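Below is work_30.pdb, holding PDB, C-alpha atoms.
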```pdb
ATOM      1  CA  MET A 277       0.000   0.000   0.000
ATOM      2  CA  ARG A 278       1.654   3.205  -1.187
ATOM      3  CA  ARG A 279       0.504   6.431   0.447
ATOM      4  CA  ALA A 280       1.042  10.034  -0.660
ATOM      5  CA  ILE A 281       0.204  13.273   1.096
ATOM      6  CA  VAL A 282      -0.558  16.266  -1.126
ATOM      7  CA  ILE A 283      -0.020  19.570   0.680
ATOM      8  CA  GLY A 284      -1.807  22.661  -0.656
ATOM      9  CA  ARG A 285      -1.914  26.321   0.322
ATOM     10  CA  ALA A 286      -5.275  26.834   2.058
ATOM     11  CA  ARG A 287      -5.365  28.335   5.525
ATOM     12  CA  GLY A 288      -5.398  25.527   8.086
ATOM     13  CA  VAL A 289      -3.061  23.363   5.995
ATOM     14  CA  TRP A 290      -0.507  22.767   8.777
ATOM     15  CA  GLU A 291      -3.156  21.459  11.194
ATOM     16  CA  GLU A 292      -4.388  19.086   8.491
ATOM     17  CA  VAL A 293      -0.838  17.913   7.725
ATOM     18  CA  ALA A 294      -0.185  17.264  11.429
ATOM     19  CA  ALA A 295      -3.398  15.242  11.761
ATOM     20  CA  LEU A 296      -2.543  13.113   8.721
ATOM     21  CA  ARG A 297       1.013  12.476   9.879
ATOM     22  CA  GLU A 298      -0.338  11.257  13.228
ATOM     23  CA  MET A 299      -2.395   8.654  11.342
ATOM     24  CA  ALA A 300       0.242   7.226   9.002
ATOM     25  CA  GLU A 301       3.630   7.508   7.395
ATOM     26  CA  PHE A 302       3.655   8.550   3.757
ATOM     27  CA  ASP A 303       5.807   7.192   0.947
ATOM     28  CA  ALA A 304       5.726  10.523  -0.876
ATOM     29  CA  THR A 305       5.208  14.171  -0.009
ATOM     30  CA  VAL A 306       3.754  16.219  -2.866
ATOM     31  CA  VAL A 307       3.753  19.965  -2.185
ATOM     32  CA  ILE A 308       1.809  22.489  -4.235
ATOM     33  CA  GLY A 309       3.081  25.838  -5.457
ATOM     34  CA  LYS A 310       4.809  28.393  -3.338
ATOM     35  CA  VAL A 311       3.761  26.843  -0.006
ATOM     36  CA  ALA A 312       6.839  24.649  -0.522
ATOM     37  CA  ILE A 313       8.961  27.696   0.304
ATOM     38  CA  ILE A 314       7.800  27.425   3.926
ATOM     39  CA  CYS A 315       7.155  23.666   4.119
ATOM     40  CA  PRO A 316       9.757  22.053   6.369
ATOM     41  CA  GLY A 317      11.308  18.684   5.668
ATOM     42  CA  GLU A 318      11.685  16.577   2.575
ATOM     43  CA  ILE A 319       9.610  17.183  -0.542
ATOM     44  CA  THR A 320       9.610  14.290  -2.963
ATOM     45  CA  HIS A 321       7.512  16.089  -5.611
ATOM     46  CA  TRP A 322       6.984  19.849  -6.026
ATOM     47  CA  VAL A 323       4.071  20.711  -8.323
ATOM     48  CA  SER A 324       2.819  23.926  -9.920
ATOM     49  CA  PHE A 325       0.913  25.138 -12.968
ATOM     50  CA  HIS A 326       3.303  28.090 -12.720
ATOM     51  CA  ALA A 327       6.464  26.145 -13.483
ATOM     52  CA  SER A 328       8.360  29.180 -14.742
ATOM     53  CA  VAL A 329       8.611  30.506 -11.159
ATOM     54  CA  LEU A 330       9.747  27.205  -9.618
ATOM     55  CA  PRO A 331      13.466  28.153  -9.844
ATOM     56  CA  LYS A 332      12.801  31.417  -7.954
ATOM     57  CA  TRP A 333      10.720  29.606  -5.341
ATOM     58  CA  ALA A 334      13.373  26.869  -5.034
ATOM     59  CA  GLY A 335      15.945  29.573  -4.241
ATOM     60  CA  GLU A 336      13.654  31.004  -1.555
ATOM     61  CA  ARG A 337      13.189  27.511  -0.099
ATOM     62  CA  ARG A 338      16.973  27.060   0.054
ATOM     63  CA  ALA A 339      17.326  30.477   1.710
ATOM     64  CA  ASN A 340      14.931  29.232   4.405
ATOM     65  CA  GLY A 341      17.318  26.339   5.060
ATOM     66  CA  TYR A 342      15.179  23.591   3.525
ATOM     67  CA  PRO A 343      16.462  20.920   1.121
ATOM     68  CA  ASP A 344      15.661  20.918  -2.589
ATOM     69  CA  ALA A 345      12.728  18.855  -3.783
ATOM     70  CA  ALA A 346      13.582  15.507  -5.341
ATOM     71  CA  SER A 347      11.460  16.281  -8.440
ATOM     72  CA  TYR A 348       9.438  19.077 -10.033
ATOM     73  CA  TRP A 349       6.173  18.747 -11.975
ATOM     74  CA  THR A 350       3.754  20.772 -14.071
ATOM     75  CA  SER A 351       1.065  19.882 -16.586
ATOM     76  CA  ARG A 352       0.361  19.531 -20.246
ATOM     77  CA  TYR A 353      -2.905  21.355 -20.832
ATOM     78  CA  LYS A 354      -4.922  19.804 -23.687
ATOM     79  CA  GLY A 355      -1.740  18.041 -24.827
ATOM     80  CA  LYS A 356       0.430  21.156 -24.888
ATOM     81  CA  PRO A 357       3.054  22.303 -22.369
ATOM     82  CA  LEU A 358       1.567  25.008 -20.169
ATOM     83  CA  ALA A 359       4.926  26.503 -19.259
ATOM     84  CA  PRO A 360       8.255  26.691 -21.072
ATOM     85  CA  GLU A 361      11.071  24.366 -20.174
ATOM     86  CA  VAL A 362      12.917  25.333 -17.021
ATOM     87  CA  GLU A 363      16.624  24.898 -17.667
ATOM     88  CA  SER A 364      17.726  24.971 -14.042
ATOM     89  CA  LEU A 365      15.291  22.250 -12.885
ATOM     90  CA  PRO A 366      14.396  18.832 -14.271
ATOM     91  CA  LEU A 367      10.693  19.313 -14.971
ATOM     92  CA  GLY A 368       8.246  16.447 -15.430
ATOM     93  CA  ARG A 369       4.818  16.902 -17.005
ATOM     94  CA  VAL A 370       1.504  15.114 -16.557
ATOM     95  CA  ALA A 371      -1.738  15.500 -18.497
ATOM     96  CA  CYS A 372      -4.140  17.640 -16.477
ATOM     97  CA  ASP A 373      -6.629  19.959 -18.145
ATOM     98  CA  GLY A 374      -7.343  22.297 -15.227
ATOM     99  CA  GLY A 375      -8.376  21.786 -11.631
ATOM    100  CA  SER A 376      -5.609  23.953 -10.146
ATOM    101  CA  SER A 377      -2.117  22.902  -9.131
ATOM    102  CA  GLY A 378      -3.701  20.740  -6.424
ATOM    103  CA  LEU A 379      -5.240  18.431  -9.015
ATOM    104  CA  ILE A 380      -1.912  18.197 -10.841
ATOM    105  CA  GLY A 381      -0.463  17.029  -7.513
ATOM    106  CA  VAL A 382      -3.132  14.337  -7.277
ATOM    107  CA  VAL A 383      -2.343  13.156 -10.823
ATOM    108  CA  VAL A 384       1.377  13.010  -9.953
ATOM    109  CA  ALA A 385       0.568  10.982  -6.816
ATOM    110  CA  LEU A 386      -1.615   8.503  -8.697
ATOM    111  CA  GLU A 387       0.275   8.177 -11.978
ATOM    112  CA  LYS A 388       3.927   8.868 -11.188
ATOM    113  CA  ILE A 389       4.135   7.606  -7.616
ATOM    114  CA  GLY A 390       1.570   4.843  -8.037
ATOM    115  CA  ALA A 391      -0.111   5.746  -4.749
ATOM    116  CA  ASP A 392      -3.012   3.568  -3.637
ATOM    117  CA  ARG A 393      -4.094   6.212  -1.104
ATOM    118  CA  VAL A 394      -3.752   9.970  -1.604
ATOM    119  CA  ALA A 395      -4.570  12.278   1.311
ATOM    120  CA  LEU A 396      -5.160  15.975   0.615
ATOM    121  CA  ALA A 397      -4.257  18.636   3.176
ATOM    122  CA  GLY A 398      -4.985  22.292   2.477
ATOM    123  CA  ILE A 399      -6.849  21.643  -0.790
ATOM    124  CA  PRO A 400     -10.512  22.309   0.086
ATOM    125  CA  MET A 401     -11.185  24.282  -3.145
ATOM    126  CA  ASP A 402     -13.220  26.793  -1.093
ATOM    127  CA  ASN A 403     -12.879  30.528  -1.788
ATOM    128  CA  GLU A 404     -13.045  31.547   1.878
ATOM    129  CA  ARG A 405     -10.111  29.316   2.906
ATOM    130  CA  GLY A 406      -7.787  31.482   0.804
ATOM    131  CA  HIS A 407      -4.064  30.811   1.047
ATOM    132  CA  VAL A 408      -1.930  30.345   4.142
ATOM    133  CA  ASP A 409       0.439  33.086   2.986
ATOM    134  CA  GLU A 410      -2.254  35.658   2.077
ATOM    135  CA  ALA A 411      -5.026  37.344   4.090
ATOM    136  CA  LYS A 412      -7.547  37.505   1.242
ATOM    137  CA  ASP A 413      -9.941  34.857  -0.055
ATOM    138  CA  TRP A 414      -9.016  32.793  -3.135
ATOM    139  CA  ASN A 415     -11.775  33.891  -5.469
ATOM    140  CA  GLU A 416     -10.740  31.464  -8.225
ATOM    141  CA  ALA A 417     -11.417  28.221  -6.329
ATOM    142  CA  GLN A 418     -14.852  27.606  -7.810
ATOM    143  CA  HIS A 419     -13.553  28.073 -11.370
ATOM    144  CA  TYR A 420     -11.423  24.937 -11.035
ATOM    145  CA  ARG A 421     -14.088  22.601  -9.639
ATOM    146  CA  SER A 422     -15.466  21.393 -12.979
ATOM    147  CA  THR A 423     -12.231  19.549 -13.800
ATOM    148  CA  TRP A 424     -12.335  17.803 -10.407
ATOM    149  CA  ASN A 425     -15.848  16.613 -11.309
ATOM    150  CA  VAL A 426     -14.633  15.303 -14.677
ATOM    151  CA  MET A 427     -11.754  13.458 -12.980
ATOM    152  CA  LEU A 428     -13.923  12.075 -10.152
ATOM    153  CA  PRO A 429     -14.157   8.471 -11.466
ATOM    154  CA  ARG A 430     -10.340   8.252 -11.357
ATOM    155  CA  LEU A 431     -10.214   9.654  -7.809
ATOM    156  CA  LEU A 432     -12.969   7.848  -5.900
ATOM    157  CA  GLY A 433     -11.690   5.245  -3.485
ATOM    158  CA  LYS A 434      -8.089   6.404  -3.884
ATOM    159  CA  VAL A 435      -8.205  10.088  -2.876
ATOM    160  CA  ARG A 436      -9.670  11.751   0.210
ATOM    161  CA  SER A 437      -9.457  15.311   1.471
ATOM    162  CA  MET A 438      -9.246  16.646   5.008
ATOM    163  CA  SER A 439     -11.784  19.429   4.431
ATOM    164  CA  GLY A 440     -14.095  21.539   2.334
ATOM    165  CA  TRP A 441     -15.613  21.020  -1.068
ATOM    166  CA  THR A 442     -13.055  18.348  -2.035
ATOM    167  CA  MET A 443     -13.856  16.331   1.099
ATOM    168  CA  ASN A 444     -17.535  16.354   0.155
ATOM    169  CA  LEU A 445     -16.775  15.539  -3.492
ATOM    170  CA  LEU A 446     -14.512  12.614  -2.592
ATOM    171  CA  GLY A 447     -16.984  10.810  -0.350
ATOM    172  CA  GLY A 448     -17.921  13.165   2.456
ATOM    173  CA  SER A 449     -15.406  12.055   5.066
ATOM    174  CA  PRO A 450     -11.735  12.813   5.686
ATOM    175  CA  PRO A 451      -9.022  10.161   5.518
ATOM    176  CA  THR A 452      -8.886   7.816   8.493
ATOM    177  CA  ARG A 453      -6.040   5.644   9.691
ATOM    178  CA  GLU A 454      -7.945   2.552   8.546
ATOM    179  CA  TRP A 455      -8.528   3.974   5.076
ATOM    180  CA  LEU A 456      -4.897   5.051   4.750
ATOM    181  CA  MET A 457      -3.772   1.551   5.733
ATOM    182  CA  GLY A 458      -6.225  -0.094   3.325
ATOM    183  CA  GLU A 459      -8.133  -1.775   6.120
ATOM    184  CA  GLY A 460     -11.868  -2.373   6.157
ATOM    185  CA  GLY A 461     -14.373  -0.751   3.835
ATOM    186  CA  GLY A 462     -13.861   2.114   1.459
ATOM    187  CA  SER A 463     -11.120   0.453  -0.550
ATOM    188  CA  CYS A 464     -12.996   0.026  -3.808
ATOM    189  CA  SER A 465     -12.126   2.187  -6.771
ATOM    190  CA  VAL A 466     -14.447   3.515  -9.454
ATOM    191  CA  GLY A 467     -13.243   3.820 -13.035
TER     192      GLY A 467
END
```
As structure tokens, how would this structure be written, given the file I've shared?
Amino acid sequence: MRRAIVIGRARGVWEEVAALREMAEFDATVVIGKVAIICPGEITHWVSFHASVLPKWAGERRANGYPDAASYWTSRYKGKPLAPEVESLPLGRVACDGGSSGLIGVVVALEKIGADRVALAGIPMDNERGHVDEAKDWNEAQHYRSTWNVMLPRLLGKVRSMSGWTMNLLGGSPPTREWLMGEGGGSCSVG
């Protein structure tokens, strides 16, 4: 059973990460966007739609005393690269036609890591949760939801979220220790 934690930018993310890490150990840590600048510890996969700024953010992460990520990812949108190549970083790409950087992180966890269980922290896709590093709401959250709905058959049974709209979409309950370990019910996959 391979487990991945995907860490987003919504306010309350660190409490959600702490709760998940009390439940289980994770084989991979996927961190979304610029929250990786302030995310302590090892990052196995750093993901962003905005790949062109990853080198700048990586420098800021280093300046904070944190190690480099093991890999960097962005998407191909409708078959085309969304961002130019980044010479200073090895950049992988996955097919993901929207859904925000958080959904790209889920695709990386499922397809590149081969995770059987993916737990989302700080990815509620709710406007009012905003970003941990900004005081304002994230007014774009609802614009990305349609792609999550399209991808839902690939996510059910394998992905759960700690909170918000994504928690409701993915079955209505947050990850539990039993689910993360593959014990008991809730282990079937749709699609």
**Prompt:** In terms of the shortest atom-to-atom distance over only C-alpha atoms, which of A:His407, A:Lys434, A:Arg278, A:Arg453 is closest to Val382 of chain A?
**Reply:** A:Lys434
**Message:** Could you check the closest approach to Trp290 of chain A for each of A:Ala304, A:Val426, A:Val370, A:Cys315 and tell me which residue wins, using only C-alpha atoms?
**Reply:**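 The answer is A:Cys315, which sits nearest to Trp290 of chain A.
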Around segment 365-373 of chain A, fit a box with edges along x, y and z, padding it by 3 Å on each side, then list its centre and edge lengths in Å to one decimal as JSON.
```
{"center_x": 4.3, "center_y": 18.7, "center_z": -15.7, "size_x": 27.9, "size_y": 13.1, "size_z": 11.6}
```
**Prompt:** Residues picked by the PyMOL selection byres ((chain A and resi 403) around 9) here, as a list of chain:residue names?
**Reply:**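 Listing what the PyMOL selection byres ((chain A and resi 403) around 9) selects in the shown file: A:Pro400, A:Met401, A:Asp402, A:Glu404, A:Arg405, A:Gly406, A:Asp413, A:Trp414, A:Asn415, A:Glu416, A:Ala417, A:Gln418.
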**Item:** Selection result of the PyMOL selection byres ((chain A and resi 307) around 6) on this file, as a list in words
**Value:** Val282, Ile283, Val306, Ile308, Ala312 and Trp322 of chain A
**Message:** Show me the residues around (-8.9, 16.9, 4.9) - criterion: an atom at most 6 Å away, all atoms listed in the file counted - as an MDAnalysis selection string.
**Reply:** chainID A and resid 396:397 437:439 450
Written file, previous selection with C-alpha atoms, as a JSON list (two decimals), keeping the file's coordinate frame:
```
[["chain", "number", "residue", "atom", "x", "y", "z"],
["A", 396, "LEU", "CA", -5.16, 15.98, 0.62],
["A", 397, "ALA", "CA", -4.26, 18.64, 3.18],
["A", 437, "SER", "CA", -9.46, 15.31, 1.47],
["A", 438, "MET", "CA", -9.25, 16.65, 5.01],
["A", 439, "SER", "CA", -11.78, 19.43, 4.43],
["A", 450, "PRO", "CA", -11.74, 12.81, 5.69]]
```
**Message:** Please list as number ranges by chain every residue within 12 Å of Ile281 of chain A, counting all atoms listed in the file and excluding residues in the same chain fewer than 4 positions away.
**Reply:** A: 289, 292-297, 299-308, 319-322, 378, 381-382, 384-386, 389, 391-399, 434-438, 451, 456
File of the preceding selection, C-alpha atoms, as a short mmCIF file (atom, residue, chain, number, x, y, z; two decimals), in the coordinates of the input:
```
data_model
loop_
_atom_site.label_atom_id
_atom_site.label_comp_id
_atom_site.auth_asym_id
_atom_site.auth_seq_id
_atom_site.Cartn_x
_atom_site.Cartn_y
_atom_site.Cartn_z
CA VAL A 289 -3.06 23.36 6.00
CA GLU A 292 -4.39 19.09 8.49
CA VAL A 293 -0.84 17.91 7.72
CA ALA A 294 -0.18 17.26 11.43
CA ALA A 295 -3.40 15.24 11.76
CA LEU A 296 -2.54 13.11 8.72
CA ARG A 297 1.01 12.48 9.88
CA MET A 299 -2.40 8.65 11.34
CA ALA A 300 0.24 7.23 9.00
CA GLU A 301 3.63 7.51 7.40
CA PHE A 302 3.66 8.55 3.76
CA ASP A 303 5.81 7.19 0.95
CA ALA A 304 5.73 10.52 -0.88
CA THR A 305 5.21 14.17 -0.01
CA VAL A 306 3.75 16.22 -2.87
CA VAL A 307 3.75 19.96 -2.18
CA ILE A 308 1.81 22.49 -4.24
CA ILE A 319 9.61 17.18 -0.54
CA THR A 320 9.61 14.29 -2.96
CA HIS A 321 7.51 16.09 -5.61
CA TRP A 322 6.98 19.85 -6.03
CA GLY A 378 -3.70 20.74 -6.42
CA GLY A 381 -0.46 17.03 -7.51
CA VAL A 382 -3.13 14.34 -7.28
CA VAL A 384 1.38 13.01 -9.95
CA ALA A 385 0.57 10.98 -6.82
CA LEU A 386 -1.62 8.50 -8.70
CA ILE A 389 4.14 7.61 -7.62
CA ALA A 391 -0.11 5.75 -4.75
CA ASP A 392 -3.01 3.57 -3.64
CA ARG A 393 -4.09 6.21 -1.10
CA VAL A 394 -3.75 9.97 -1.60
CA ALA A 395 -4.57 12.28 1.31
CA LEU A 396 -5.16 15.98 0.62
CA ALA A 397 -4.26 18.64 3.18
CA GLY A 398 -4.99 22.29 2.48
CA ILE A 399 -6.85 21.64 -0.79
CA LYS A 434 -8.09 6.40 -3.88
CA VAL A 435 -8.20 10.09 -2.88
CA ARG A 436 -9.67 11.75 0.21
CA SER A 437 -9.46 15.31 1.47
CA MET A 438 -9.25 16.65 5.01
CA PRO A 451 -9.02 10.16 5.52
CA LEU A 456 -4.90 5.05 4.75
#
```
**Request:** Using only C-alpha atoms, pick whichever of A:Trp455, A:Tyr342, A:Trp441, A:Trp424 has the shortest atom-to-atom distance to Cys372 of chain A.
**Result:** A:Trp424
**Message:** Nearest residue to Ser351 of chain A out of A:Leu379, A:Ala411, A:Ala280, A:Ala339, using only C-alpha atoms?
**Reply:**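 The closest residue to Ser351 of chain A is A:Leu379.
Nearest residue to Trp349 of chain A among A:Ile380, A:Ala334, A:Leu432, A:Ala286 is A:Ile380, counting all atoms listed in the file.
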**Request:** In Å, rounded to a single decimal, give me how far atom CA of Thr423 of chain A is from atom CA of Met443 of chain A.
**Result:**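 Taking atom CA of Met443 of chain A and atom CA of Thr423 of chain A, their separation equals 15.3 Å.
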**Request:** Give the answer as one residue: which of A:Val311, A:Leu365, A:Met457, A:Leu446 has the shortest atom-to-atom distance to Leu330 of chain A, using all atoms listed in the file?
**Result:**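 Of all the options, A:Leu365 lies closest to Leu330 of chain A.
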For the PyMOL selection byres ((chain A and resi 314) around 10), applied here, can you spell out every residue it catches as a short mmCIF file (atom, residue, chain, number, x, y, z; two decimals) with C-alpha atoms, in the frame of the given file?
```cif
data_model
loop_
_atom_site.label_atom_id
_atom_site.label_comp_id
_atom_site.auth_asym_id
_atom_site.auth_seq_id
_atom_site.Cartn_x
_atom_site.Cartn_y
_atom_site.Cartn_z
CA LYS A 310 4.81 28.39 -3.34
CA VAL A 311 3.76 26.84 -0.01
CA ALA A 312 6.84 24.65 -0.52
CA ILE A 313 8.96 27.70 0.30
CA CYS A 315 7.16 23.67 4.12
CA PRO A 316 9.76 22.05 6.37
CA GLY A 317 11.31 18.68 5.67
CA TRP A 333 10.72 29.61 -5.34
CA GLU A 336 13.65 31.00 -1.56
CA ARG A 337 13.19 27.51 -0.10
CA ARG A 338 16.97 27.06 0.05
CA ASN A 340 14.93 29.23 4.40
CA GLY A 341 17.32 26.34 5.06
CA TYR A 342 15.18 23.59 3.52
CA ASP A 409 0.44 33.09 2.99
#
```
